[in-house]
Amino acid sequence: MAALKHIYGSGEIIVPTLTWVSDIASVLQNGFTPVFVDINPKNLCMDDEQVIAKFSDKTKAVFITYVQGFNGLTDRLLSVLKERNIPLIEDVCESHGATFKGKKLGSFGLISNFSYYFAHHMSTIEGGMVCTNDEKIHEIIRMLRSHGMVREALNERFKQDYIDENPDLSPDFIFAYPAYNVRGTEIGAVIGRNQLKRLNDNNDKRQKNFAFFLENLDSNKYRTDFDLEGSCNYAFNLIIKKPDPVFRDKLEETMRNAGVEFRRGSSGGGNQLRQPYLKTVIAENEWEHYPEIEHVHFYGYYIGNYPDLDEQKILLLCDLLNKV
Ligand SMILES: Cc1ncc(COP(=O)(O)O)c(C=O)c1O
């Protein structure tokens with residue numbers, strides 16, 4: 001978002017209601033206006049029709065989050081974005097290895113980002129990665145991650161222009177932007193490069209685990225009709241079918257008593273519009289207009305899915321959940 005600010009100035013960014021806080025915080029921090037969209041219950045990502053309906057002449061980008069490993073792209077969305085020349089920014093933090101039509105998510109947009117926080121498909125303990133094919137954005141992001149320092153850029157012409165324009169400054173210390181210090185560390189890189197070797201195998205195992213989990217879950221009580229095409233989940237999504245608070249309390253008690261760790265609200269705690277940091281940004285009770293995320297907010301969970309999890313344990317978990 002900081003790179004987009006330098007290119008586009010201000011405007012609207014279309015964002016999901018179900019995402020991690022940083023996706024919306026970065027929009028606000030960089031002076032853009034977030035425009036919210038409800039989720040598609042089949043993949044928990046932004047509903048593509050609603051994204052298209054929210055386009056305006058102020059739209060600067062669509063910032064999609066691939067929630068919990070699901071693909072959220074459609075041909076319709078990609079073709080309208082292309083037609084209207086609106087850049088796609090992809091948050092792949094929860095979906096390393098997921099695909100749309102056989103092509104990896106994170107390779108469709110102008111910019112994509114990955115997180116290596118330790119709960120995700122692979123970890124460098126903390127850290128992440130930004131990808132782009134755009135040379136200018138690449139240079140800007142290299143500088144932004146390192147105090148805005150021009151010497152971090154790779155293109156010699158680009159650097160020389162700054163040096164020529166600032167003859168009084170030491171060429172080693174030209175700061176182009178008020179920026180950040182978010183460089184990856186050597187130790188993180190060593191850990192990450194080793195994890196990369198196992199990533200595909202581990203992703204296959206997680207995909208099998210998730211399919212097995214859904215096959216054994218009672219579809220009268222829980223949603224099992226997710227769109228799994230291309231998905232690569234690192235978590236089991238557990239969404240109660242009917243909005244029944246009594247059932248929900250019983251489910252939580254059952255999981256707690258059995259020592260099953262869970263998170264309510266799925267990614268980032270559910271409906272972002274209910275969070276205090278947005279109180280002064282959006283209209284009062286704005287959250288009411290997004291019924292799909294509202295359901296996940298109160299009746300959706302995720303439970304850890306890891307490569308070493310064996311089928312017996314998944315069966316045991318499903319049995320526990322189905323008996324509620
Ligand atoms: C979708 C999404 N985006 C961004 C982030 C932030 O990643 P990090 O914790 O590496 O800053 C997360 C973290 O869980 C996430 O789930």
# chains A, B, ... in the order shown; residues from 1 in each chain; ligands from 1
$ residues_near_ligand --ligand "ligand 1" --cutoff "7 Å" --atoms "only C-alpha atoms and all ligand atoms" --output "number ranges by chain"
A: 19-20, 22-23, 65-67, 91-94, 115-117, 126-128, 267-268
$ select_by_dssp --residues "range 143-316 of chain A" --states "strand (DSSP E or B)" --output "ChimeraX atom specification"
/A:146,149,175,181,222,235-240,263-264,300-304
$ closest_residue --among "A:His138, A:Ile174, A:Leu315, A:Thr132" --to "Asp218 in chain A" --atoms "only C-alpha atoms"
A:Leu315
$ closest_residue --among "A:Lys42, A:Ile137, A:Pro87, A:Arg248" --to "Asp227 in chain A" --atoms "only C-alpha atoms"
A:Lys42
$ residues_around --residues "Lys82 in chain A" --least-positions-apart "6" --cutoff "12 Å" --atoms "only C-alpha atoms" --output "PyMOL selection string"
chain A and resi 52+61-62+75-76+88+108-110
$ select_by_dssp --residues "range 144-195 of chain A" --states "alpha helix (DSSP H)" --output "ChimeraX atom specification"
/A:144,156-165,186-195
$ residues_around --residues "Ile282 in chain A" --least-positions-apart "6" --cutoff "12 Å" --atoms "only C-alpha atoms" --output "ChimeraX atom specification"
/A:28,33-36,272-276,288
$ closest_residue --among "A:Ser56, A:Gln160, A:Ser266, A:Gln29" --to "Ala235 in chain A" --atoms "only C-alpha atoms"
A:Ser266
